[in-house]
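Novice: This is work.cif, which holds mmCIF, C-alpha atoms and all ligand atoms:
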data_work
#
loop_
_atom_site.label_atom_id
_atom_site.label_comp_id
_atom_site.auth_asym_id
_atom_site.auth_seq_id
_atom_site.Cartn_x
_atom_site.Cartn_y
_atom_site.Cartn_z
CA MET A 1 -12.92 2.09 -98.29
CA GLU A 2 -10.21 4.38 -97.00
CA ARG A 3 -11.20 4.85 -93.41
CA PRO A 4 -10.98 1.92 -91.04
CA LEU A 5 -14.30 0.62 -89.95
CA ASN A 6 -14.47 0.46 -86.23
CA VAL A 7 -17.98 -0.15 -85.09
CA ARG A 8 -19.61 -2.96 -83.24
CA PRO A 9 -23.14 -4.22 -83.12
CA ILE A 10 -25.26 -2.49 -80.50
CA ASP A 11 -26.90 -5.64 -79.25
CA ASP A 12 -27.24 -4.32 -75.77
CA PRO A 13 -26.55 -0.60 -75.63
CA PRO A 14 -26.02 0.45 -72.04
CA GLY A 15 -28.96 2.53 -70.92
CA ILE A 16 -31.58 0.93 -73.11
CA THR A 17 -32.87 -1.32 -70.35
CA SER A 18 -33.87 1.68 -68.28
CA ALA A 19 -34.98 3.83 -71.23
CA ARG A 20 -38.55 5.08 -71.42
CA THR A 21 -40.38 6.43 -74.44
CA LEU A 22 -40.65 10.17 -75.03
CA PRO A 23 -43.59 12.16 -73.63
CA ALA A 24 -46.60 12.80 -75.87
CA ALA A 25 -45.98 16.54 -75.78
CA TRP A 26 -42.70 16.05 -77.62
CA TYR A 27 -44.75 14.97 -80.61
CA SER A 28 -47.72 17.31 -80.27
CA SER A 29 -46.88 20.56 -78.52
CA ALA A 30 -46.33 23.60 -80.70
CA ASP A 31 -43.83 24.98 -78.19
CA HIS A 32 -41.78 21.83 -78.16
CA HIS A 33 -41.91 21.68 -81.93
CA GLU A 34 -40.63 25.24 -82.21
CA ARG A 35 -37.73 24.45 -79.87
CA GLU A 36 -36.93 21.36 -81.92
CA LEU A 37 -36.93 23.31 -85.17
CA GLN A 38 -34.28 25.53 -83.60
CA SER A 39 -32.16 22.89 -81.91
CA VAL A 40 -32.31 20.31 -84.70
CA PHE A 41 -33.33 21.76 -88.04
CA ARG A 42 -31.57 25.08 -87.68
CA ASP A 43 -28.60 23.89 -85.68
CA GLU A 44 -27.66 20.77 -87.60
CA TRP A 45 -27.14 19.62 -91.17
CA VAL A 46 -30.51 18.80 -92.76
CA CYS A 47 -31.16 16.87 -95.98
CA VAL A 48 -33.09 18.96 -98.48
CA GLY A 49 -33.30 16.59 -101.41
CA ASP A 50 -31.85 14.75 -104.34
CA VAL A 51 -29.29 16.63 -106.40
CA ASP A 52 -31.41 15.99 -109.51
CA ASP A 53 -34.12 18.17 -107.96
CA MET A 54 -31.83 21.11 -107.40
CA PRO A 55 -32.14 24.20 -109.62
CA ALA A 56 -30.47 24.12 -113.04
CA PRO A 57 -27.67 26.57 -113.87
CA GLY A 58 -29.04 30.09 -113.74
CA ALA A 59 -32.09 29.07 -111.69
CA TRP A 60 -33.27 29.16 -108.08
CA ARG A 61 -35.86 27.67 -105.78
CA ALA A 62 -37.27 28.80 -102.42
CA ILE A 63 -37.50 26.16 -99.70
CA SER A 64 -37.86 26.12 -95.93
CA VAL A 65 -35.35 24.52 -93.56
CA GLY A 66 -36.69 24.31 -90.03
CA GLY A 67 -38.84 27.33 -90.76
CA LEU A 68 -35.88 29.29 -92.13
CA PRO A 69 -36.65 30.59 -95.63
CA VAL A 70 -33.82 29.44 -97.86
CA LEU A 71 -33.13 30.17 -101.50
CA LEU A 72 -31.17 27.54 -103.41
CA VAL A 73 -29.39 29.15 -106.34
CA ARG A 74 -27.21 27.59 -109.01
CA ASP A 75 -25.02 30.05 -110.86
CA ARG A 76 -24.24 29.87 -114.57
CA GLU A 77 -21.02 27.97 -113.82
CA GLY A 78 -23.01 25.29 -112.00
CA VAL A 79 -22.10 26.15 -108.40
CA LEU A 80 -25.01 25.51 -106.04
CA ARG A 81 -25.35 27.96 -103.15
CA GLY A 82 -27.89 28.62 -100.45
CA PHE A 83 -28.98 31.97 -99.04
CA VAL A 84 -31.47 33.16 -96.49
CA ASN A 85 -34.40 34.13 -98.70
CA VAL A 86 -34.72 37.61 -97.22
CA CYS A 87 -33.86 40.83 -99.01
CA ARG A 88 -31.22 42.92 -97.24
CA HIS A 89 -33.35 46.05 -97.66
CA ARG A 90 -36.67 45.56 -95.84
CA ALA A 91 -36.90 41.79 -95.66
CA ALA A 92 -39.11 40.88 -98.60
CA PRO A 93 -38.69 37.27 -99.71
CA LEU A 94 -36.81 37.30 -103.01
CA CYS A 95 -38.87 34.37 -104.20
CA GLU A 96 -42.11 33.12 -102.65
CA HIS A 97 -41.89 29.92 -100.62
CA GLY A 98 -42.05 26.91 -102.88
CA GLY A 99 -41.52 29.11 -105.92
CA GLU A 100 -38.75 29.04 -108.44
CA GLY A 101 -37.26 31.25 -111.11
CA SER A 102 -34.35 31.75 -113.43
CA GLY A 103 -32.38 34.55 -115.01
CA ALA A 104 -29.13 36.45 -115.00
CA ALA A 105 -29.83 38.04 -111.61
CA LEU A 106 -32.31 38.06 -108.74
CA SER A 107 -34.53 41.10 -108.49
CA CYS A 108 -36.38 41.76 -105.24
CA PRO A 109 -40.11 42.11 -105.98
CA TYR A 110 -40.55 44.94 -103.46
CA HIS A 111 -38.14 47.72 -104.52
CA ALA A 112 -36.08 45.95 -107.17
CA TRP A 113 -32.73 45.66 -105.47
CA LEU A 114 -30.74 43.44 -107.75
CA TYR A 115 -28.57 40.50 -106.58
CA ARG A 116 -26.07 38.47 -108.56
CA LEU A 117 -26.43 34.69 -108.48
CA ASP A 118 -23.51 34.54 -106.04
CA GLY A 119 -25.64 36.53 -103.58
CA THR A 120 -23.79 39.84 -103.84
CA LEU A 121 -25.84 42.99 -104.22
CA ALA A 122 -25.30 44.45 -107.69
CA ARG A 123 -27.57 47.50 -107.49
CA ALA A 124 -29.84 49.22 -104.96
CA GLN A 125 -31.81 51.40 -107.33
CA GLY A 126 -33.20 54.62 -105.90
CA VAL A 127 -31.59 54.19 -102.51
CA GLY A 128 -30.09 57.70 -102.47
CA ASN A 129 -27.28 58.34 -100.00
CA PRO A 130 -27.66 56.45 -96.72
CA ASP A 131 -24.66 57.05 -94.46
CA ASP A 132 -21.87 54.55 -94.90
CA PHE A 133 -23.85 52.52 -97.40
CA ASP A 134 -21.81 50.21 -99.57
CA VAL A 135 -23.45 47.53 -101.72
CA ALA A 136 -20.55 45.23 -100.78
CA ASP A 137 -21.93 45.08 -97.23
CA TYR A 138 -25.40 43.98 -98.30
CA SER A 139 -24.99 40.57 -99.85
CA LEU A 140 -27.63 37.94 -99.15
CA LYS A 141 -26.85 36.00 -95.99
CA PRO A 142 -25.41 32.63 -96.98
CA VAL A 143 -26.22 29.24 -95.51
CA SER A 144 -23.91 26.22 -95.84
CA VAL A 145 -24.47 23.63 -98.56
CA SER A 146 -23.00 20.16 -98.69
CA GLN A 147 -23.57 16.95 -100.60
CA PHE A 148 -23.44 13.31 -99.54
CA ARG A 149 -23.69 10.99 -102.55
CA ARG A 150 -26.72 12.27 -104.46
CA TRP A 151 -28.35 14.14 -101.57
CA VAL A 152 -27.95 17.82 -100.73
CA TRP A 153 -27.68 19.07 -97.16
CA ILE A 154 -28.11 22.55 -95.71
CA HIS A 155 -26.89 24.07 -92.46
CA ALA A 156 -28.34 27.40 -91.43
CA ASP A 157 -24.95 28.45 -90.06
CA GLN A 158 -22.78 29.75 -92.88
CA THR A 159 -19.65 28.74 -90.96
CA ALA A 160 -20.70 25.12 -90.38
CA VAL A 161 -18.07 22.48 -91.04
CA ALA A 162 -19.16 19.96 -93.71
CA PRO A 163 -20.98 17.02 -92.17
CA ASP A 164 -18.97 13.89 -91.46
CA PHE A 165 -21.21 10.87 -91.61
CA GLY A 166 -18.32 8.60 -90.78
CA PRO A 167 -17.41 5.07 -91.77
CA LEU A 168 -20.94 3.72 -91.72
CA ALA A 169 -21.80 5.98 -94.64
CA ASP A 170 -18.63 4.81 -96.41
CA ALA A 171 -20.01 1.29 -96.25
CA ILE A 172 -22.35 2.04 -99.16
CA ASP A 173 -19.49 3.38 -101.31
CA ALA A 174 -19.68 0.44 -103.70
CA PHE A 175 -23.37 0.81 -104.47
CA PRO A 176 -23.93 2.71 -107.75
CA LEU A 177 -26.53 5.13 -106.41
CA GLU A 178 -25.66 8.01 -108.74
CA SER A 179 -26.21 6.00 -111.89
CA MET A 180 -29.61 4.71 -110.87
CA ASP A 181 -32.76 6.10 -112.46
CA VAL A 182 -35.47 7.76 -110.43
CA VAL A 183 -38.51 5.54 -111.00
CA LEU A 184 -40.80 7.12 -108.45
CA ALA A 185 -40.84 10.67 -107.05
CA GLU A 186 -43.60 11.51 -104.62
CA THR A 187 -44.17 14.11 -101.93
CA ASP A 188 -46.97 13.98 -99.39
CA GLU A 189 -47.91 16.01 -96.35
CA ARG A 190 -48.59 13.57 -93.54
CA ALA A 191 -50.43 13.94 -90.24
CA PHE A 192 -47.67 12.97 -87.83
CA ASN A 193 -44.65 14.40 -86.09
CA TRP A 194 -41.41 13.83 -87.99
CA LYS A 195 -40.00 11.68 -85.19
CA VAL A 196 -42.82 9.16 -85.50
CA LEU A 197 -41.65 8.09 -88.97
CA LEU A 198 -37.97 8.27 -88.00
CA GLU A 199 -38.60 5.87 -85.11
CA ASN A 200 -40.70 3.60 -87.29
CA TYR A 201 -37.96 3.46 -89.90
CA SER A 202 -35.30 2.69 -87.29
CA GLU A 203 -36.72 -0.60 -86.08
CA ASN A 204 -37.73 -3.89 -87.63
CA TYR A 205 -39.83 -4.98 -84.64
CA HIS A 206 -43.08 -4.03 -86.35
CA THR A 207 -42.35 -5.72 -89.66
CA PRO A 208 -44.16 -9.06 -89.16
CA PHE A 209 -47.29 -7.25 -87.97
CA ILE A 210 -47.45 -4.17 -90.17
CA HIS A 211 -45.91 -5.71 -93.30
CA PRO A 212 -47.11 -9.31 -93.35
CA GLU A 213 -46.11 -9.62 -97.02
CA ILE A 214 -42.41 -9.27 -96.20
CA ASP A 215 -40.61 -12.50 -95.50
CA THR A 216 -39.30 -11.93 -92.01
CA SER A 217 -37.75 -15.30 -91.54
CA ASN A 218 -34.43 -13.51 -91.08
CA THR A 219 -35.74 -10.87 -88.71
CA HIS A 220 -33.29 -11.74 -86.02
CA ASP A 221 -30.43 -11.55 -88.46
CA TYR A 222 -30.86 -7.82 -88.66
CA PRO A 223 -27.73 -6.37 -87.12
CA MET A 224 -27.54 -2.71 -86.33
CA VAL A 225 -24.68 -0.36 -85.54
CA SER A 226 -24.51 3.35 -84.91
CA ASP A 227 -21.84 5.98 -85.04
CA GLY A 228 -22.65 9.64 -84.60
CA LEU A 229 -25.08 10.77 -87.26
CA VAL A 230 -25.69 7.35 -88.83
CA LEU A 231 -27.65 4.33 -87.71
CA TYR A 232 -26.95 1.41 -90.00
CA ALA A 233 -28.99 -1.79 -90.10
CA TRP A 234 -28.66 -4.49 -92.67
CA ASP A 235 -30.05 -7.81 -93.69
CA ARG A 236 -27.41 -10.31 -92.78
CA PRO A 237 -26.42 -11.66 -96.19
CA LEU A 238 -27.33 -15.27 -95.80
CA HIS A 239 -27.61 -16.03 -99.48
CA PRO A 240 -25.03 -14.26 -101.66
CA THR A 241 -21.55 -15.61 -102.01
CA ASP A 242 -18.37 -13.76 -102.83
CA GLU A 243 -16.13 -14.46 -105.82
CA ALA A 244 -14.45 -17.30 -103.97
CA GLY A 245 -17.83 -18.86 -103.33
CA ARG A 246 -17.82 -18.13 -99.62
CA VAL A 247 -21.12 -17.37 -98.02
CA MET A 248 -21.08 -13.75 -96.95
CA ALA A 249 -22.77 -14.29 -93.64
CA GLY A 250 -21.74 -12.28 -90.64
CA LEU A 251 -19.96 -9.54 -92.54
CA LEU A 252 -19.90 -6.11 -91.03
CA PRO A 253 -20.47 -3.14 -93.33
CA GLY A 254 -17.22 -2.16 -94.95
CA GLU A 255 -15.28 -5.30 -94.10
CA PRO A 256 -13.26 -6.94 -96.88
CA GLY A 257 -15.72 -8.63 -99.19
CA TRP A 258 -18.54 -6.25 -98.34
CA GLU A 259 -18.27 -4.41 -101.68
CA ALA A 260 -19.27 -7.60 -103.47
CA LEU A 261 -22.74 -7.07 -102.07
CA ALA A 262 -23.18 -4.12 -104.38
CA GLY A 263 -23.12 -6.51 -107.31
CA ALA A 264 -24.88 -9.42 -105.67
CA ASP A 265 -27.53 -10.99 -107.82
CA THR A 266 -30.05 -12.28 -105.36
CA GLY A 267 -33.53 -11.60 -106.66
CA GLN A 268 -34.30 -11.13 -102.98
CA PRO A 269 -33.72 -7.48 -102.17
CA TYR A 270 -34.73 -7.85 -98.54
CA ALA A 271 -31.98 -10.44 -98.10
CA VAL A 272 -29.18 -7.95 -98.78
CA GLY A 273 -30.54 -4.51 -97.91
CA SER A 274 -28.70 -1.78 -96.04
CA TYR A 275 -30.87 0.66 -94.10
CA LEU A 276 -29.44 3.97 -92.99
CA THR A 277 -31.08 6.49 -90.75
CA MET A 278 -29.09 9.67 -91.21
CA TRP A 279 -29.87 12.09 -88.41
CA PRO A 280 -32.08 14.01 -88.45
CA ASN A 281 -34.21 13.51 -91.53
CA LEU A 282 -32.92 11.15 -94.24
CA MET A 283 -33.84 7.47 -94.45
CA LEU A 284 -32.06 5.41 -97.03
CA ASN A 285 -32.57 1.84 -98.24
CA VAL A 286 -29.75 0.55 -100.40
CA PHE A 287 -30.05 -2.66 -102.41
CA PRO A 288 -27.76 -3.99 -105.14
CA ASP A 289 -30.13 -2.93 -107.92
CA ALA A 290 -32.37 -0.34 -106.29
CA ALA A 291 -32.53 2.26 -103.55
CA LEU A 292 -35.07 4.33 -101.71
CA ALA A 293 -34.58 7.73 -100.12
CA MET A 294 -37.10 9.45 -97.88
CA TRP A 295 -36.42 12.82 -96.36
CA MET A 296 -38.70 14.86 -94.16
CA GLU A 297 -39.60 18.49 -93.79
CA PRO A 298 -41.43 19.21 -90.53
CA VAL A 299 -44.17 21.81 -90.96
CA ALA A 300 -45.95 21.61 -87.60
CA ALA A 301 -45.89 19.43 -84.48
CA ASN A 302 -48.19 16.97 -86.21
CA ARG A 303 -47.59 17.74 -89.88
CA THR A 304 -44.61 16.51 -91.89
CA VAL A 305 -43.88 16.62 -95.58
CA VAL A 306 -42.35 13.32 -96.66
CA HIS A 307 -40.44 13.19 -99.94
CA ARG A 308 -39.72 9.82 -101.51
CA ARG A 309 -37.52 8.76 -104.39
CA LEU A 310 -37.26 5.20 -105.56
CA TYR A 311 -34.22 4.44 -107.70
CA MET A 312 -33.40 1.47 -109.90
CA ARG A 313 -30.46 0.48 -112.01
CA PRO A 314 -31.02 1.46 -115.62
CA GLY A 315 -31.98 -1.16 -118.10
CA GLY A 316 -34.21 -3.27 -115.90
CA ASP A 317 -37.36 -4.64 -117.42
CA ALA A 318 -40.61 -2.78 -117.06
CA ASP A 319 -42.33 -5.53 -115.10
CA ALA A 320 -39.60 -5.60 -112.46
CA ARG A 321 -39.82 -1.84 -112.20
CA ALA A 322 -43.59 -1.86 -111.79
CA ALA A 323 -43.37 -4.63 -109.20
CA ASN A 324 -40.77 -2.72 -107.21
CA ILE A 325 -42.88 0.43 -107.23
CA ALA A 326 -45.98 -1.46 -106.15
CA ALA A 327 -44.12 -3.23 -103.35
CA HIS A 328 -42.67 0.04 -102.11
CA ARG A 329 -46.05 1.76 -102.13
CA LEU A 330 -47.68 -1.04 -100.19
CA VAL A 331 -45.00 -1.06 -97.49
CA HIS A 332 -44.87 2.72 -97.28
CA LEU A 333 -48.61 3.13 -96.88
CA GLN A 334 -48.66 0.45 -94.20
CA ASP A 335 -46.08 2.47 -92.29
CA ILE A 336 -47.99 5.70 -92.87
CA ASP A 337 -51.18 4.17 -91.48
CA ILE A 338 -49.56 3.08 -88.24
CA CYS A 339 -47.69 6.39 -87.91
CA ASN A 340 -50.97 8.29 -88.33
CA ALA A 341 -52.56 6.12 -85.67
CA VAL A 342 -49.70 6.63 -83.21
CA GLN A 343 -49.92 10.39 -83.73
CA THR A 344 -53.60 10.41 -82.66
CA SER A 345 -52.43 9.19 -79.24
CA HIS A 346 -49.77 11.88 -79.07
CA ASP A 347 -52.34 14.49 -80.08
CA ALA A 348 -54.67 13.25 -77.34
CA GLY A 349 -51.88 14.02 -74.89
CA VAL A 350 -51.54 10.45 -73.72
CA SER A 351 -47.96 9.33 -73.08
CA ALA A 352 -47.27 5.61 -73.32
CA ASP A 353 -44.56 5.77 -70.64
CA GLY A 354 -43.31 2.69 -72.44
CA VAL A 355 -40.08 0.75 -72.48
CA LEU A 356 -37.99 -0.14 -75.52
CA ALA A 357 -37.34 -3.67 -76.74
CA THR A 358 -33.72 -4.08 -75.79
CA VAL A 359 -32.59 -5.65 -79.07
CA GLU A 360 -35.28 -4.84 -81.62
CA GLU A 361 -35.48 -1.14 -80.70
CA ARG A 362 -31.83 -0.23 -80.45
CA GLY A 363 -32.40 2.14 -83.34
CA VAL A 364 -35.32 3.86 -81.63
CA TYR A 365 -33.05 4.31 -78.63
CA TRP A 366 -30.47 5.93 -80.88
CA VAL A 367 -33.14 8.30 -82.26
CA HIS A 368 -34.26 9.16 -78.74
CA GLN A 369 -30.71 9.83 -77.62
CA HIS A 370 -30.34 12.37 -80.41
CA VAL A 371 -33.74 13.88 -79.62
CA ARG A 372 -32.98 14.20 -75.92
CA ARG A 373 -29.57 15.66 -76.61
CA ALA A 374 -31.08 18.28 -78.91
CA ALA A 375 -33.82 19.08 -76.41
CA GLY A 376 -31.41 19.51 -73.55
CA ALA A 377 -28.40 21.14 -74.94
CA GLY A 378 -29.02 22.80 -78.28
CA LEU A 379 -26.14 22.53 -80.70
CA GLN A 380 -23.45 20.01 -79.82
CA PRO A 381 -21.29 17.75 -81.92
CA ALA A 382 -23.39 14.71 -82.55
CA ARG A 383 -20.67 12.34 -81.42
CA ARG A 384 -20.78 13.72 -77.92
CA ILE A 385 -24.38 12.76 -77.34
CA TRP A 386 -23.76 9.73 -75.24
CA GLY A 387 -22.85 9.64 -71.57
CA ARG A 388 -19.93 7.82 -70.04
CA GLY A 389 -19.83 4.11 -70.59
CA THR A 390 -22.09 4.08 -73.61
CA ILE A 391 -21.52 2.35 -76.90
CA ALA A 392 -20.62 5.52 -78.76
CA GLU A 393 -18.04 6.45 -76.21
CA THR A 394 -16.53 3.03 -76.57
CA LEU A 395 -16.40 3.63 -80.31
CA LEU A 396 -14.64 6.92 -79.79
CA GLU A 397 -12.10 5.29 -77.48
CA ASP A 398 -11.55 2.53 -80.01
CA ARG A 399 -10.81 5.11 -82.65
CA GLY A 400 -8.61 7.16 -80.38
CA ASP A 401 -10.75 10.29 -80.81
S1 LIG B 1 -37.31 44.79 -99.62
FE1 LIG B 1 -36.14 44.11 -101.27
S2 LIG B 1 -35.79 45.91 -102.40
FE2 LIG B 1 -36.93 46.57 -100.69
FE FE B 2 -42.25 -0.45 -91.76
#
Translate this file's structure into structure tokens.
Specialist:
Amino acid sequence: MERPLNVRPIDDPPGITSARTLPAAWYSSADHHERELQSVFRDEWVCVGDVDDMPAPGAWRAISVGGLPVLLVRDREGVLRGFVNVCRHRAAPLCEHGGEGSGAALSCPYHAWLYRLDGTLARAQGVGNPDDFDVADYSLKPVSVSQFRRWVWIHADQTAVAPDFGPLADAIDAFPLESMDVVLAETDERAFNWKVLLENYSENYHTPFIHPEIDTSNTHDYPMVSDGLVLYAWDRPLHPTDEAGRVMAGLLPGEPGWEALAGADTGQPYAVGSYLTMWPNLMLNVFPDAALAMWMEPVAANRTVVHRRLYMRPGGDADARAANIAAHRLVHLQDIDICNAVQTSHDAGVSADGVLATVEERGVYWVHQHVRRAAGAGLQPARRIWGRGTIAETLLEDRGD
């Protein structure tokens, strides 16, 4: 933990008492969705998956980021790059969406212009003598690629500065995510707007009702903090003790002693979980011996592809693994059912005009603040989303930013 942690619980974020829920059209209108693809998914860093799913050396894969066709390419030396998947001649996709390939170079299917794996144009066969034509000017357009732990992020702007998730993301430094095995990898297209699941993930208010199997006796020991791109909630560690035998209750993420959680042996994962919503589309559960990542790809106002990876420490016994998978599936499908149901209301054009629970829905408020900021102002640094007197501004003042 190099950076000082300087966050505080958002028990009563200013503004939440007067907050109202978002209008139905923000979840169902094609126009609003298109604007959101631009202002969020093409103007911000977006998670595109686990590094294990990325192309192997000498291979590529075509994906979509906020509707932008992107080609992920790993060169023979292992460097992963991203390009707009559009040929610099007459705009043919170099690889069909969802497709993949491999080889020494990328050949456009239309007229066979040939690109190196670093995106530069090697040969424009048959092009003749266009005025001022130089292959050096016709490289594929790059996008920015970054990595946080084992997840890869893309920004459509090739000049984007690498994302800074801040100290809340550092708080999971001690958890051995990279050495865990993927024990479940599933992808499903779901019938809801991407924000419906993000909101659902960012609150624990629904847990006793939607997930009756989860022991919620510690529901109100579910602190939550936010800083910029990260909302961090955690089960207050009532049970584990540190090496000195002290009960680790009341710790804030990243405080001295926090790392011991990564090795806590509890047998009760929901007693020591960390839950990160990483704006805009990654949701991450981190437990001492397991983790779950879900990232979303919006495809329409009411269609979202949800990717899930469940990870476990290697060497666990098969029964524990099977039980973890079954428990995850149960909880996930319970969430999917309620998200589907909520979307039917949005699709019917009926706004709830609701309020937010002032403690239990602090995370939903955080999601809405990001959504409203993106809707109103396009691209802005995420840390400037809050108005004067808000929690985040207080955080910035505390840090001297
Ligand atoms: S469009 Fe790619 S070579 Fe013509
Ligand atoms: Fe849930």
Novice: Show me which residues line ligand FE 2 (chain B), defined as having an atom within 7 Å of a ligand atom where all atoms listed in the file count, and present them as JSON, numbers by chain.
Specialist: {"A": [200, 201, 206, 207, 210, 211, 331, 332, 334, 335]}
Novice: Got time to write the residues from that selection, C-alpha atoms, as a short mmCIF file (atom, residue, chain, number, x, y, z; two decimals), keeping the file's coordinate frame?
Specialist:
data_model
loop_
_atom_site.label_atom_id
_atom_site.label_comp_id
_atom_site.auth_asym_id
_atom_site.auth_seq_id
_atom_site.Cartn_x
_atom_site.Cartn_y
_atom_site.Cartn_z
CA ASN A 200 -40.70 3.60 -87.29
CA TYR A 201 -37.96 3.46 -89.90
CA HIS A 206 -43.08 -4.03 -86.35
CA THR A 207 -42.35 -5.72 -89.66
CA ILE A 210 -47.45 -4.17 -90.17
CA HIS A 211 -45.91 -5.71 -93.30
CA VAL A 331 -45.00 -1.06 -97.49
CA HIS A 332 -44.87 2.72 -97.28
CA GLN A 334 -48.66 0.45 -94.20
CA ASP A 335 -46.08 2.47 -92.29
#
Novice: Leaving out Gly363 (chain A) and any residue of its chain fewer than 2 positions from it, which residues lie within 12 Å of it when counting only C-alpha atoms, given as a tab-separated table (two decimals) with C-alpha atoms, keeping the file's coordinate frame?
Specialist:
chain	number	residue	atom	x	y	z
A	9	PRO	CA	-23.14	-4.22	-83.12
A	10	ILE	CA	-25.26	-2.49	-80.50
A	11	ASP	CA	-26.90	-5.64	-79.25
A	12	ASP	CA	-27.24	-4.32	-75.77
A	13	PRO	CA	-26.55	-0.60	-75.63
A	16	ILE	CA	-31.58	0.93	-73.11
A	198	LEU	CA	-37.97	8.27	-88.00
A	199	GLU	CA	-38.60	5.87	-85.11
A	200	ASN	CA	-40.70	3.60	-87.29
A	201	TYR	CA	-37.96	3.46	-89.90
A	202	SER	CA	-35.30	2.69	-87.29
A	203	GLU	CA	-36.72	-0.60	-86.08
A	204	ASN	CA	-37.73	-3.89	-87.63
A	205	TYR	CA	-39.83	-4.98	-84.64
A	222	TYR	CA	-30.86	-7.82	-88.66
A	223	PRO	CA	-27.73	-6.37	-87.12
A	224	MET	CA	-27.54	-2.71	-86.33
A	225	VAL	CA	-24.68	-0.36	-85.54
A	226	SER	CA	-24.51	3.35	-84.91
A	227	ASP	CA	-21.84	5.98	-85.04
A	229	LEU	CA	-25.08	10.77	-87.26
A	230	VAL	CA	-25.69	7.35	-88.83
A	231	LEU	CA	-27.65	4.33	-87.71
A	232	TYR	CA	-26.95	1.41	-90.00
A	233	ALA	CA	-28.99	-1.79	-90.10
A	275	TYR	CA	-30.87	0.66	-94.10
A	276	LEU	CA	-29.44	3.97	-92.99
A	277	THR	CA	-31.08	6.49	-90.75
A	278	MET	CA	-29.09	9.67	-91.21
A	279	TRP	CA	-29.87	12.09	-88.41
A	356	LEU	CA	-37.99	-0.14	-75.52
A	357	ALA	CA	-37.34	-3.67	-76.74
A	358	THR	CA	-33.72	-4.08	-75.79
A	359	VAL	CA	-32.59	-5.65	-79.07
A	360	GLU	CA	-35.28	-4.84	-81.62
A	361	GLU	CA	-35.48	-1.14	-80.70
A	365	TYR	CA	-33.05	4.31	-78.63
A	366	TRP	CA	-30.47	5.93	-80.88
A	367	VAL	CA	-33.14	8.30	-82.26
A	368	HIS	CA	-34.26	9.16	-78.74
A	369	GLN	CA	-30.71	9.83	-77.62
A	370	HIS	CA	-30.34	12.37	-80.41
Novice: Using all atoms listed in the file, can you tell me which of A:Gly98, A:Gly263, A:Pro288, A:Gly119 comes closest to Val73 (chain A)?
Specialist: A:Gly119
Novice: Which protein, DNA or RNA residues have an atom within 6 Å of ligand LIG 1 (chain B), counting all atoms listed in the file, as an NGL selection string?
Specialist: :A and (87 or 89-92 or 108 or 110-113)
Novice: Suppose we keep C-alpha atoms; can you now write the selection as a short mmCIF file (atom, residue, chain, number, x, y, z; two decimals), in the frame of the given file?
Specialist:
data_model
loop_
_atom_site.label_atom_id
_atom_site.label_comp_id
_atom_site.auth_asym_id
_atom_site.auth_seq_id
_atom_site.Cartn_x
_atom_site.Cartn_y
_atom_site.Cartn_z
CA CYS A 87 -33.86 40.83 -99.01
CA HIS A 89 -33.35 46.05 -97.66
CA ARG A 90 -36.67 45.56 -95.84
CA ALA A 91 -36.90 41.79 -95.66
CA ALA A 92 -39.11 40.88 -98.60
CA CYS A 108 -36.38 41.76 -105.24
CA TYR A 110 -40.55 44.94 -103.46
CA HIS A 111 -38.14 47.72 -104.52
CA ALA A 112 -36.08 45.95 -107.17
CA TRP A 113 -32.73 45.66 -105.47
#
Novice: Please check which residues have atoms at most 7 Å from (-24.3, 27.9, -94.9) in the file's coordinates, counting all atoms listed in the file, and write them as a PyMOL selection string.
Specialist: chain A and resi 82+142-145+154-160
Novice: Tell me which of A:Asp353, A:Glu36, A:Asp118, A:Asp188 sits closest to Thr304 (chain A), counting only C-alpha atoms.
Specialist: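 Looking only at the distances to Thr304 (chain A), the closest residue turns out to be A:Asp188.
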Novice: Rounded to one decimal place, report the CA of Asp215 (chain A)-CA of Leu282 (chain A) distance in Å.
Specialist: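 According to the coordinates, CA of Asp215 (chain A) and CA of Leu282 (chain A) are separated by 24.9 Å.
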Novice: What is the distance, in Å and to one decimal place, between CA of Gly128 (chain A) and CA of Ser107 (chain A)?
Specialist: 18.2 Å
Novice: By how many Å are CA of Trp45 (chain A) and CA of Asp181 (chain A) apart?
Specialist: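 About the pair CA of Trp45 (chain A) and CA of Asp181 (chain A): they are 25.8 Å apart.
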